[in-house]
Structure formats: C-alpha cells, structure tokens
Protein chains: 2
Amino acid sequence: MEQAAKNIEVNNVVNGVDVDELFGTINAIKKAPVIATFKFKADNQWMGGGHNRTTIKNFYGTQQDHKHQEPFVLDADEPPLLLGRDLGPNPVEYALTALAACVTTSIVYHAAAKGVAIRSMESRLEGDIDLQGFLGMRDDVPRGYKEIRMSVKIDADAPPEKLEEIVQLGPTYSPVFDTITRAVPVKVQMER
Amino acid sequence: MEQAAKNIEVNNVVNGVDVDELFGTINAIKKAPVIATFKFKADNQWMGGGHNRTTIKNFYGTQQDHKHQEPFVLDADEPPLLLGRDLGPNPVEYALTALAACVTTSIVYHAAAKGVAIRSMESRLEGDIDLQGFLGMRDDVPRGYKEIRMSVKIDADAPPEKLEEIVQLGPTYSPVFDTITRAVPVKVQMER
C-alpha cells in the first residue's frame with residue numbers, strides 16, 4: 001500500500017528529464033513570464049599569449065541570483081601552429097562545443113516533452129574558417145565560421161521516418177544554434 | 001661572441017606571442033592562401049538528461065590534419081533549476097566562454113602585431129535569454145541571446161586615449177565575435 005502510494009508520486013522522467021517538472025516550469029512561466037528572464041555570466045582572465053581562463057560561477061533567473069554548485073574553470077589556448085601552447089581548446093573550438101551541447105540538449109528536452117525516449121545520441125561537428133579573416137589580410141573574408149555542419153546519429157524509440165523530425169527539434173529550439181545563425185548584437189566596451 | 005649570436009637569433013615576443021612567427025605566417029599565407037583554410041572539429045556524446053560530453057581532438061589547416069597534444073574533454077549540463085545535475089557549464093555559458101576567449105586572444109595577438117605590450121587584461125560578460133523562446137512558448141521571443149555585453153579591463157603600455165582602440169581590436173578581428181554577430185549558416189542533419 002505504502003509502496004503503491006510512493007509509486008504514484010514518482011515523476012514522469014524521459015531521457016533523464018523530469019517531464020512533470022518541465023511542464024510545471026512552463027505553467028509557472030505562463031502565470032509569471034518575468035521568471036523566464038535569464039542572465040548568463042562569465043569572467044575571463046588573460047594568462048599570457050593565447051592562454052586565457054574563463055570562470056562560470058553564477059547566473060540570474062526566476063528573479064534571483066543562482067550559484068553553480070562549484071565554479072567551472074575553462075582554459076582556452078591556441079595550438080602551436082597558431083602560436084599558442086595548446087593548454088586548452090581554442091575559442092572557435094569552444095564555439096563548436098557550445099553548439100554541440102545545445103543542439104543535443106534541445107533534442108533531448110523537446111523529445112522528452114513529446115514522450116519520445118532516446119536510447120543514444122552522438123554527433124560530429126565541423127566548421128570552416130579562413131585565417132585570412134582573423135589576420136586582417138582580406139576584408140572580403142569573414143573572420144569567423146563560413147559554415148558549420150553537424151551530423152547527428154540517434155537511436156530513439158520512434159519509427160525511422162520520425163527520427164529526422166526529432167533531430168530537427170535541435171536547430172528549431174536550440175539557443176546557441178539561434179545565437180550563431182541569427183546575428184546577435186554583442187557590445188564590447190572598455191571598463192574605465 | 002656565441003652568446004651575442006644567440007641573442008640576435010631570439011625572436012620578437014610581445015604579450016607571449018612570437019611576432020616574428022606571426023608575420024612569418026602572414027607572409028607564408030600571402031604566397032599560398034590555401035594554407036589559411038582551416039576546419040575545426042568537435043565530437044559530442046549524450047550522457048543522459050542535460051549532460052553531454054564534447055571531445056576536441058584534431059583540426060585541419062596548412063593542408064594537413066593536426067592533433068592536439070591531448071584530446072580536450074568538455075562536459076556540459078544544466079543546473080538543477082533547468083532540470084540538470086550541474087555537472088558542467090551549460091551550452092549558453094560555453095558560448096560566452098568562446099566569445100570571452102576569442103575577443104581576448106584577438107586583442108592580444110593584434111596588439112602584439114602593433115608592438116603594444118599588455119600588462120594585464122580581464123573581462124566580464126553577461127547575456128540575456130528569455131526562456132520562453134527555448135520552451136517554444138512564444139515565437140516572437142528569440143531562442144538564443146537577445147544581447148551580449150562584454151566589459152574589458154586592460155592595463156597596457158599605451159596612452160589612455162589609445163586603450164579603447166586596443167580593446168576594439170577584439171570585436172574587429174575575433175572569429176567568435178563575428179560568428180555570433182553575423183548570422184552563420186549551420187546545417188544540422190541526421191546521420192543515416
């Protein structure tokens with residue numbers, strides 16, 4: 001009896017995502033949209049040459065500040081070919097990491113909301129950069145990625161013809177996909 | 001005598017960047033622009049829920065494949081508030097990391113090329129996201145960042161009125177700044 005009662009209270013978890021909590025969040029935002037306003041933050045410290053360190057400590061959301069359980073420390077550097085010491089991924093590799101992680105999570109969360117169980121998923125990303133842009137050698141060459149391609153291998157509890165639809169939940173909802181493909185304003189200013 | 005000869009051979013290093021090598025690279029690219037074509041790569045594996053792992057192993061440039069000295073492994077997750085277990089920065093925090101690292105390195109390399117020594121540099125970044133976009137609750141709310149702000153504190157061997165110019169080398173040349181602000185095409189497809 002007690003066992004049965006406990007079972008009834010167990011939340012509906014799909015793909016490791018608590019779907020009851022997800023819909024609870026959506027309902028709470030419907031009542032008070034202001035809680036959906038988030039600010040994400042990062043601090044960076046130059047370490048010398050191509051080496052610098054980003055620390056992620058806290059963010060703002062649901063009208064209050066939140067701390068990560070522990071700060072995340074991420075070193076970036078350039079490989080020797082690009083005059084660094086290879087002490088971390090380089091900045092454009094971090095950009096691919098952000099995109100890979102975000103498209104993946106967007107697929108997982110939105111598939112969970114639809115009740116589609118994913119058994120496994122992996123992806124490979126590749127992006128083209130012509131260094132003449134960064135070096136300021138040619139103004140008609142973009143400094144950043146010309147194009148990025150992401151290939152997703154997925155095994156999910158869905159008919160084969162539905163799999164492509166599940167994969168496309170990623171680019172449809174991913175904040176980083178949107179940030180890269182939409183042209184987001186970035187203001188860089190000197191602190192006086 | 002031998003000592004003097006050695007000293008003459010020492011390269012011109014500014015901000016930890018070998019400027020002779022930097023101009024050597026530029027000259028080599030002028031002769032053979034094809035060596036400036038780079039491909040950066042990342043592999044991602046879903047670990048469950050909001051947790052996934054990106055591995056950065058190799059890249060292509062100067063017409064050949066290059067391996068990092070060791071693969072870089074980067075875990076992403078969501079904080080409990082966003083239904084994860086906080087096992088890593090979340091994807092949009094990785095995007096800020098990419099931007100912070102790239103603008104910083106762009107300032108450092110281009111200041112070095114101009115012979116401007118930087119004594120120290122740090123920055124703080126903040127970006128606004130309305131979760132209603134990711135959740136698909138409102139189509140008029142972008143999924144990604146609405147705006148990102150980066151504030152740079154710099155101490156460099158330059159007159160105060162030149163410092164702002166040095167900081168602006170970042171957004172002028174940074175590949176990730178360009179990738180975020182320009183609208184880069186991203187193709188996501190299912191691997192069959």
# chains A, B, ... in the order shown; residues from 1 in each chain; ligands from 1

$ residues_around --residues "Lys67 (chain B)" --least-positions-apart "4" --cutoff "7 Å" --atoms "only C-alpha atoms" --output "compact mmCIF listing (two decimals) with N, CA and C atoms, in the first residue's frame"
# COMPACT_ATOMS: atom_id res chain seq x y z
N LYS B 57 39.68 16.83 -30.59
CA LYS B 57 40.91 16.04 -30.79
C LYS B 57 41.82 16.62 -31.86
N ASN B 58 41.23 17.05 -32.97
CA ASN B 58 42.07 17.40 -34.12
C ASN B 58 41.45 18.52 -34.94
N PHE B 59 42.23 19.08 -35.80
CA PHE B 59 41.74 20.11 -36.72
C PHE B 59 42.57 20.04 -37.99

$ residues_around --residues "Pro79 (chain A)" --least-positions-apart "4" --cutoff "10 Å" --atoms "only C-alpha atoms" --output "MDAnalysis selection string"
(chainID A and resid 50 83:90) or (chainID B and resid 59 66:69)

$ atom_distance --atom1 "CA of Thr62 (chain A)" --atom2 "CA of Ala183 (chain B)"
29.4 Å

$ residues_around --residues "region 151-156 of chain B" --least-positions-apart "3" --cutoff "8 Å" --atoms "only C-alpha atoms" --output "VMD selection string"
(chain A and resid 188 to 192) or (chain B and resid 116 to 125 163 167)

$ closest_residue --among "A:Tyr109, A:Pro171, A:Glu164, A:Lys146" --to "Pro185 (chain B)" --atoms "only C-alpha atoms"
A:Lys146

$ atom_distance --atom1 "CA of Leu99 (chain B)" --atom2 "CA of Val34 (chain A)"
26.8 Å

$ closest_residue --among "B:Cys102, B:Ala111, B:Ile35, B:Val186" --to "Glu78 (chain A)" --atoms "only C-alpha atoms"
B:Cys102

$ atom_distance --atom1 "CA of Met150 (chain A)" --atom2 "CA of Pro71 (chain A)"
29.2 Å

$ residues_around --residues "Glu126 (chain B)" --least-positions-apart "5" --cutoff "7 Å" --atoms "only C-alpha atoms" --output "PDB file with all heavy atoms, in the first residue's frame"
ATOM      1  N   LYS A  39      19.884  35.796 -17.111  1.00  0.00           N
ATOM      2  CA  LYS A  39      21.145  36.408 -17.499  1.00  0.00           C
ATOM      3  C   LYS A  39      22.239  35.392 -17.196  1.00  0.00           C
ATOM      4  O   LYS A  39      22.374  34.949 -16.056  1.00  0.00           O
ATOM      5  CB  LYS A  39      21.421  37.673 -16.676  1.00  0.00           C
ATOM      6  CG  LYS A  39      20.634  38.900 -17.133  1.00  0.00           C
ATOM      7  CD  LYS A  39      21.016  40.109 -16.298  1.00  0.00           C
ATOM      8  CE  LYS A  39      19.920  41.147 -16.336  1.00  0.00           C
ATOM      9  NZ  LYS A  39      19.675  41.739 -17.647  1.00  0.00           N
ATOM     10  N   PHE A  40      22.999  35.012 -18.237  1.00  0.00           N
ATOM     11  CA  PHE A  40      24.141  34.131 -18.013  1.00  0.00           C
ATOM     12  C   PHE A  40      25.411  34.962 -18.005  1.00  0.00           C
ATOM     13  O   PHE A  40      25.478  36.014 -18.663  1.00  0.00           O
ATOM     14  CB  PHE A  40      24.160  33.017 -19.055  1.00  0.00           C
ATOM     15  CG  PHE A  40      22.996  32.085 -18.890  1.00  0.00           C
ATOM     16  CD1 PHE A  40      21.841  32.237 -19.661  1.00  0.00           C
ATOM     17  CD2 PHE A  40      23.013  31.098 -17.927  1.00  0.00           C
ATOM     18  CE1 PHE A  40      20.738  31.413 -19.473  1.00  0.00           C
ATOM     19  CE2 PHE A  40      21.919  30.262 -17.727  1.00  0.00           C
ATOM     20  CZ  PHE A  40      20.785  30.414 -18.508  1.00  0.00           C
ATOM     21  N   LYS A  41      26.406  34.503 -17.253  1.00  0.00           N
ATOM     22  CA  LYS A  41      27.585  35.327 -16.990  1.00  0.00           C
ATOM     23  C   LYS A  41      28.888  34.539 -17.097  1.00  0.00           C
ATOM     24  O   LYS A  41      28.894  33.318 -16.860  1.00  0.00           O
ATOM     25  CB  LYS A  41      27.489  35.909 -15.563  1.00  0.00           C
ATOM     26  CG  LYS A  41      26.301  36.840 -15.376  1.00  0.00           C
ATOM     27  CD  LYS A  41      25.988  37.096 -13.917  1.00  0.00           C
ATOM     28  CE  LYS A  41      24.595  37.714 -13.773  1.00  0.00           C
ATOM     29  NZ  LYS A  41      24.555  38.845 -12.851  1.00  0.00           N
ATOM     30  N   ALA A  42      29.960  35.221 -17.429  1.00  0.00           N
ATOM     31  CA  ALA A  42      31.287  34.601 -17.479  1.00  0.00           C
ATOM     32  C   ALA A  42      32.328  35.657 -17.178  1.00  0.00           C
ATOM     33  O   ALA A  42      32.173  36.821 -17.564  1.00  0.00           O
ATOM     34  CB  ALA A  42      31.523  33.999 -18.864  1.00  0.00           C
TER      35      ALA A  42
ATOM     36  N   ILE B 148      24.443  40.410 -25.888  1.00  0.00           N
ATOM     37  CA  ILE B 148      25.568  40.041 -25.024  1.00  0.00           C
ATOM     38  C   ILE B 148      26.411  41.295 -24.807  1.00  0.00           C
ATOM     39  O   ILE B 148      26.656  42.054 -25.744  1.00  0.00           O
ATOM     40  CB  ILE B 148      26.425  38.917 -25.658  1.00  0.00           C
ATOM     41  CG1 ILE B 148      25.582  37.669 -25.899  1.00  0.00           C
ATOM     42  CG2 ILE B 148      27.631  38.594 -24.773  1.00  0.00           C
ATOM     43  CD1 ILE B 148      26.296  36.566 -26.687  1.00  0.00           C
ATOM     44  N   ARG B 149      26.833  41.508 -23.566  1.00  0.00           N
ATOM     45  CA  ARG B 149      27.699  42.637 -23.232  1.00  0.00           C
ATOM     46  C   ARG B 149      29.015  42.123 -22.651  1.00  0.00           C
ATOM     47  O   ARG B 149      29.018  41.198 -21.838  1.00  0.00           O
ATOM     48  CB  ARG B 149      27.006  43.547 -22.207  1.00  0.00           C
ATOM     49  CG  ARG B 149      25.735  44.207 -22.734  1.00  0.00           C
ATOM     50  CD  ARG B 149      24.887  44.830 -21.656  1.00  0.00           C
ATOM     51  NE  ARG B 149      24.369  43.867 -20.680  1.00  0.00           N
ATOM     52  CZ  ARG B 149      23.301  43.087 -20.896  1.00  0.00           C
ATOM     53  NH1 ARG B 149      22.643  43.162 -22.043  1.00  0.00           N
ATOM     54  NH2 ARG B 149      22.908  42.221 -19.975  1.00  0.00           N
ATOM     55  N   MET B 150      30.117  42.709 -23.089  1.00  0.00           N
ATOM     56  CA  MET B 150      31.439  42.328 -22.592  1.00  0.00           C
ATOM     57  C   MET B 150      32.165  43.590 -22.167  1.00  0.00           C
ATOM     58  O   MET B 150      32.272  44.541 -22.941  1.00  0.00           O
ATOM     59  CB  MET B 150      32.211  41.607 -23.703  1.00  0.00           C
ATOM     60  CG  MET B 150      33.634  41.209 -23.316  1.00  0.00           C
ATOM     61  SD  MET B 150      34.367  40.116 -24.590  1.00  0.00           S
ATOM     62  CE  MET B 150      35.993  39.834 -23.866  1.00  0.00           C
TER      63      MET B 150
END

$ residues_around --residues "Tyr173 (chain B)" --least-positions-apart "2" --cutoff "12 Å" --atoms "only C-alpha atoms" --output "tab-separated table (two decimals) with N, CA and C atoms, in the first residue's frame"
chain	number	residue	atom	x	y	z
A	131	LEU	N	41.77	31.73	-42.25
A	131	LEU	CA	42.58	32.53	-41.33
A	131	LEU	C	42.90	33.94	-41.85
A	132	GLN	N	42.74	34.13	-43.15
A	132	GLN	CA	42.99	35.47	-43.71
A	132	GLN	C	42.05	36.51	-43.11
A	133	GLY	N	40.87	36.06	-42.64
A	133	GLY	CA	39.93	36.98	-42.00
A	133	GLY	C	40.47	37.47	-40.66
A	134	PHE	N	40.78	36.55	-39.77
A	134	PHE	CA	41.30	36.91	-38.44
A	134	PHE	C	42.57	37.75	-38.56
A	135	LEU	N	43.43	37.40	-39.51
A	135	LEU	CA	44.71	38.10	-39.63
A	135	LEU	C	44.56	39.49	-40.27
A	136	GLY	N	43.34	39.80	-40.70
A	136	GLY	CA	43.11	41.12	-41.30
A	136	GLY	C	43.76	41.28	-42.67
A	137	MET	N	43.99	40.15	-43.33
A	137	MET	CA	44.66	40.20	-44.64
A	137	MET	C	43.70	40.52	-45.77
A	138	ARG	N	42.43	40.12	-45.59
A	138	ARG	CA	41.42	40.37	-46.63
A	138	ARG	C	40.09	40.71	-45.99
A	139	ASP	N	39.53	41.85	-46.37
A	139	ASP	CA	38.27	42.27	-45.77
A	139	ASP	C	37.06	41.53	-46.34
A	141	VAL	N	36.97	38.34	-46.61
A	141	VAL	CA	36.94	37.01	-45.98
A	141	VAL	C	36.42	37.20	-44.55
A	142	PRO	N	35.33	36.47	-44.19
A	142	PRO	CA	34.82	36.64	-42.83
A	142	PRO	C	35.86	36.20	-41.79
A	143	ARG	N	35.84	36.86	-40.63
A	143	ARG	CA	36.76	36.48	-39.55
A	143	ARG	C	36.34	35.13	-38.95
A	144	GLY	N	35.07	34.87	-38.89
A	144	GLY	CA	34.59	33.68	-38.19
A	144	GLY	C	34.26	32.53	-39.12
B	99	LEU	N	33.27	33.34	-26.68
B	99	LEU	CA	33.34	34.76	-27.02
B	99	LEU	C	34.41	35.46	-26.19
B	102	CYS	N	37.88	34.42	-27.30
B	102	CYS	CA	38.24	34.84	-28.65
B	102	CYS	C	38.51	36.35	-28.73
B	103	VAL	N	37.68	37.14	-28.08
B	103	VAL	CA	37.91	38.59	-28.09
B	103	VAL	C	39.23	38.88	-27.37
B	104	THR	N	39.49	38.18	-26.26
B	104	THR	CA	40.74	38.37	-25.51
B	104	THR	C	41.94	38.03	-26.39
B	105	THR	N	41.93	36.86	-27.01
B	105	THR	CA	43.07	36.45	-27.84
B	105	THR	C	43.24	37.37	-29.04
B	106	SER	N	42.15	37.85	-29.60
B	106	SER	CA	42.23	38.76	-30.75
B	106	SER	C	42.89	40.07	-30.34
B	107	ILE	N	42.55	40.58	-29.16
B	107	ILE	CA	43.19	41.80	-28.66
B	107	ILE	C	44.69	41.55	-28.47
B	108	VAL	N	45.02	40.41	-27.84
B	108	VAL	CA	46.42	40.10	-27.51
B	108	VAL	C	47.26	39.96	-28.78
B	109	TYR	N	46.78	39.20	-29.76
B	109	TYR	CA	47.56	38.97	-30.99
B	109	TYR	C	47.71	40.25	-31.81
B	110	HIS	N	46.62	40.98	-31.97
B	110	HIS	CA	46.69	42.18	-32.81
B	110	HIS	C	47.45	43.31	-32.11
B	111	ALA	N	47.37	43.38	-30.79
B	111	ALA	CA	48.19	44.37	-30.07
B	111	ALA	C	49.66	43.98	-30.22
B	166	ILE	N	42.69	49.73	-28.64
B	166	ILE	CA	43.26	48.39	-28.47
B	166	ILE	C	42.16	47.39	-28.12
B	167	VAL	N	41.26	47.79	-27.23
B	167	VAL	CA	40.14	46.91	-26.86
B	167	VAL	C	39.30	46.59	-28.10
B	168	GLN	N	39.10	47.58	-28.96
B	168	GLN	CA	38.24	47.36	-30.13
B	168	GLN	C	38.90	46.48	-31.21
B	169	LEU	N	40.20	46.17	-31.05
B	169	LEU	CA	40.82	45.17	-31.93
B	169	LEU	C	40.11	43.83	-31.75
B	170	GLY	N	39.59	43.60	-30.53
B	170	GLY	CA	38.88	42.35	-30.23
B	170	GLY	C	37.68	42.14	-31.15
B	171	PRO	N	36.64	42.97	-31.01
B	171	PRO	CA	35.47	42.78	-31.89
B	171	PRO	C	35.81	42.94	-33.38
B	175	PRO	N	37.10	35.88	-34.48
B	175	PRO	CA	36.25	34.94	-35.22
B	175	PRO	C	34.95	34.58	-34.48
B	176	VAL	N	34.97	34.45	-33.17
B	176	VAL	CA	33.73	34.10	-32.47
B	176	VAL	C	32.80	35.31	-32.39
B	177	PHE	N	33.35	36.50	-32.18
B	177	PHE	CA	32.51	37.72	-32.22
B	177	PHE	C	31.81	37.78	-33.58
B	178	ASP	N	32.56	37.54	-34.63
B	178	ASP	CA	31.98	37.56	-35.98
B	178	ASP	C	30.94	36.46	-36.16
B	179	THR	N	31.24	35.27	-35.65
B	179	THR	CA	30.32	34.13	-35.78
B	179	THR	C	28.98	34.42	-35.10

$ select_by_dssp --residues "region 14-184 of chain B" --states "alpha helix (DSSP H)" --output "number ranges by chain"
B: 19-31, 91-113, 131-134, 160-167, 169-173, 175-182

$ residues_around --residues "region 19-26 of chain B" --least-positions-apart "3" --cutoff "9 Å" --atoms "only C-alpha atoms" --output "list in words"
Leu82, Leu83, Gln132, Leu135 and Met137 of chain A; Asn11, Asn12, Val13, Val14, Gly16, Ile29, Lys30, Lys31, Tyr109, Ala112, Ala113 and Gly115 of chain B

$ write_last_selection --atoms "all heavy atoms" --output "compact mmCIF listing (two decimals), in the first residue's frame"
# COMPACT_ATOMS: atom_id res chain seq x y z
N LEU A 82 49.14 27.81 -34.22
CA LEU A 82 48.55 29.16 -34.13
C LEU A 82 49.19 29.94 -32.98
O LEU A 82 48.55 30.79 -32.34
CB LEU A 82 47.02 29.05 -33.99
CG LEU A 82 46.33 28.39 -35.20
CD1 LEU A 82 44.86 28.13 -34.93
CD2 LEU A 82 46.49 29.25 -36.46
N LEU A 83 50.45 29.61 -32.72
CA LEU A 83 51.33 30.37 -31.83
C LEU A 83 50.99 30.27 -30.35
O LEU A 83 51.40 31.13 -29.56
CB LEU A 83 51.39 31.85 -32.25
CG LEU A 83 51.56 32.14 -33.75
CD1 LEU A 83 51.68 33.64 -33.98
CD2 LEU A 83 52.78 31.42 -34.30
N GLN A 132 42.74 34.13 -43.15
CA GLN A 132 42.99 35.47 -43.71
C GLN A 132 42.05 36.51 -43.11
O GLN A 132 42.38 37.70 -43.08
CB GLN A 132 42.82 35.44 -45.24
CG GLN A 132 43.88 34.61 -45.94
CD GLN A 132 43.67 34.61 -47.45
OE1 GLN A 132 44.22 35.40 -48.18
NE2 GLN A 132 42.82 33.68 -47.91
N LEU A 135 43.43 37.40 -39.51
CA LEU A 135 44.71 38.10 -39.63
C LEU A 135 44.56 39.49 -40.27
O LEU A 135 45.53 40.24 -40.36
CB LEU A 135 45.70 37.25 -40.43
CG LEU A 135 46.17 35.96 -39.72
CD1 LEU A 135 46.95 35.06 -40.67
CD2 LEU A 135 47.03 36.29 -38.49
N MET A 137 43.99 40.15 -43.33
CA MET A 137 44.66 40.20 -44.64
C MET A 137 43.70 40.52 -45.77
O MET A 137 44.10 41.06 -46.80
CB MET A 137 45.35 38.86 -44.93
CG MET A 137 46.47 38.54 -43.94
SD MET A 137 47.12 36.85 -44.15
CE MET A 137 47.83 36.96 -45.78
N ASN B 11 63.65 35.56 -31.10
CA ASN B 11 62.52 36.18 -31.78
C ASN B 11 61.91 37.30 -30.95
O ASN B 11 62.08 37.35 -29.73
CB ASN B 11 61.45 35.12 -32.07
CG ASN B 11 61.75 34.36 -33.35
OD1 ASN B 11 62.84 34.48 -33.91
ND2 ASN B 11 60.79 33.59 -33.81
N ASN B 12 61.18 38.14 -31.61
CA ASN B 12 60.49 39.26 -31.00
C ASN B 12 59.16 38.78 -30.43
O ASN B 12 58.22 38.53 -31.18
CB ASN B 12 60.29 40.32 -32.10
CG ASN B 12 59.52 41.53 -31.61
OD1 ASN B 12 59.50 41.82 -30.40
ND2 ASN B 12 58.89 42.23 -32.54
N VAL B 13 59.12 38.63 -29.12
CA VAL B 13 57.90 38.13 -28.47
C VAL B 13 57.21 39.27 -27.72
O VAL B 13 57.83 39.91 -26.88
CB VAL B 13 58.22 36.96 -27.51
CG1 VAL B 13 56.97 36.54 -26.74
CG2 VAL B 13 58.81 35.78 -28.28
N VAL B 14 55.95 39.53 -28.05
CA VAL B 14 55.16 40.57 -27.37
C VAL B 14 53.87 39.92 -26.86
O VAL B 14 53.20 39.20 -27.61
CB VAL B 14 54.81 41.74 -28.33
CG1 VAL B 14 54.03 42.83 -27.58
CG2 VAL B 14 56.07 42.32 -28.96
N GLY B 16 53.55 37.44 -25.07
CA GLY B 16 53.64 35.98 -25.15
C GLY B 16 53.39 35.46 -26.56
O GLY B 16 53.31 34.25 -26.78
N ILE B 29 51.10 32.80 -45.96
CA ILE B 29 49.73 32.78 -46.49
C ILE B 29 49.63 33.66 -47.74
O ILE B 29 48.92 33.32 -48.69
CB ILE B 29 48.72 33.24 -45.41
CG1 ILE B 29 48.65 32.19 -44.28
CG2 ILE B 29 47.33 33.46 -46.01
CD1 ILE B 29 47.80 32.61 -43.08
N LYS B 30 50.36 34.76 -47.74
CA LYS B 30 50.36 35.63 -48.93
C LYS B 30 50.81 34.86 -50.16
O LYS B 30 50.26 35.00 -51.25
CB LYS B 30 51.29 36.84 -48.72
CG LYS B 30 50.60 38.00 -48.03
CD LYS B 30 51.55 39.20 -47.89
CE LYS B 30 50.93 40.26 -46.99
NZ LYS B 30 51.95 41.14 -46.40
N LYS B 31 51.81 34.00 -49.97
CA LYS B 31 52.35 33.22 -51.09
C LYS B 31 51.43 32.06 -51.46
O LYS B 31 51.33 31.69 -52.63
CB LYS B 31 53.74 32.66 -50.71
CG LYS B 31 54.83 33.74 -50.75
CD LYS B 31 56.18 33.17 -50.31
CE LYS B 31 57.12 34.29 -49.89
NZ LYS B 31 58.07 33.85 -48.86
N TYR B 109 46.78 39.20 -29.76
CA TYR B 109 47.56 38.97 -30.99
C TYR B 109 47.71 40.25 -31.81
O TYR B 109 48.80 40.55 -32.31
CB TYR B 109 46.91 37.86 -31.85
CG TYR B 109 47.27 36.45 -31.42
CD1 TYR B 109 47.24 36.06 -30.08
CD2 TYR B 109 47.62 35.48 -32.36
CE1 TYR B 109 47.54 34.77 -29.69
CE2 TYR B 109 47.94 34.18 -31.97
CZ TYR B 109 47.89 33.83 -30.64
OH TYR B 109 48.20 32.54 -30.26
N ALA B 112 49.97 42.70 -30.13
CA ALA B 112 51.35 42.23 -30.31
C ALA B 112 51.88 42.62 -31.68
O ALA B 112 53.01 43.11 -31.82
CB ALA B 112 51.43 40.71 -30.11
N ALA B 113 51.07 42.44 -32.70
CA ALA B 113 51.47 42.78 -34.07
C ALA B 113 51.78 44.28 -34.20
O ALA B 113 52.62 44.69 -35.00
CB ALA B 113 50.39 42.38 -35.07
N GLY B 115 52.98 45.95 -31.69
CA GLY B 115 54.05 46.24 -30.74
C GLY B 115 53.56 46.82 -29.42
O GLY B 115 54.33 47.40 -28.66

$ residues_around --residues "Arg182 (chain A)" --least-positions-apart "5" --cutoff "8 Å" --atoms "only C-alpha atoms" --output "list in words"
Ile180, Thr181, Arg182, Ala183 and Val184 of chain B

$ closest_residue --among "A:Glu165, A:Gly61, A:Glu70, A:Asp77" --to "Met47 (chain A)" --atoms "only C-alpha atoms"
A:Asp77

$ closest_residue --among "A:Leu81, A:Gly49, A:Asp157, A:Gln63" --to "chain B" --atoms "only C-alpha atoms"
A:Gly49

$ select_by_dssp --residues "chain A" --states "strand (DSSP E)" --output "ChimeraX atom specification"
/A:13-14,17-18,37-48,51-61,64-76,118-130,147-156,186-190

$ closest_residue --among "B:Ala28, B:Val10, B:Pro160, B:Asn52" --to "chain A" --atoms "only C-alpha atoms"
B:Asn52

$ closest_residue --among "B:Asp75, B:Glu161, B:Asp128, B:Asp140" --to "chain A" --atoms "only C-alpha atoms"
B:Asp128
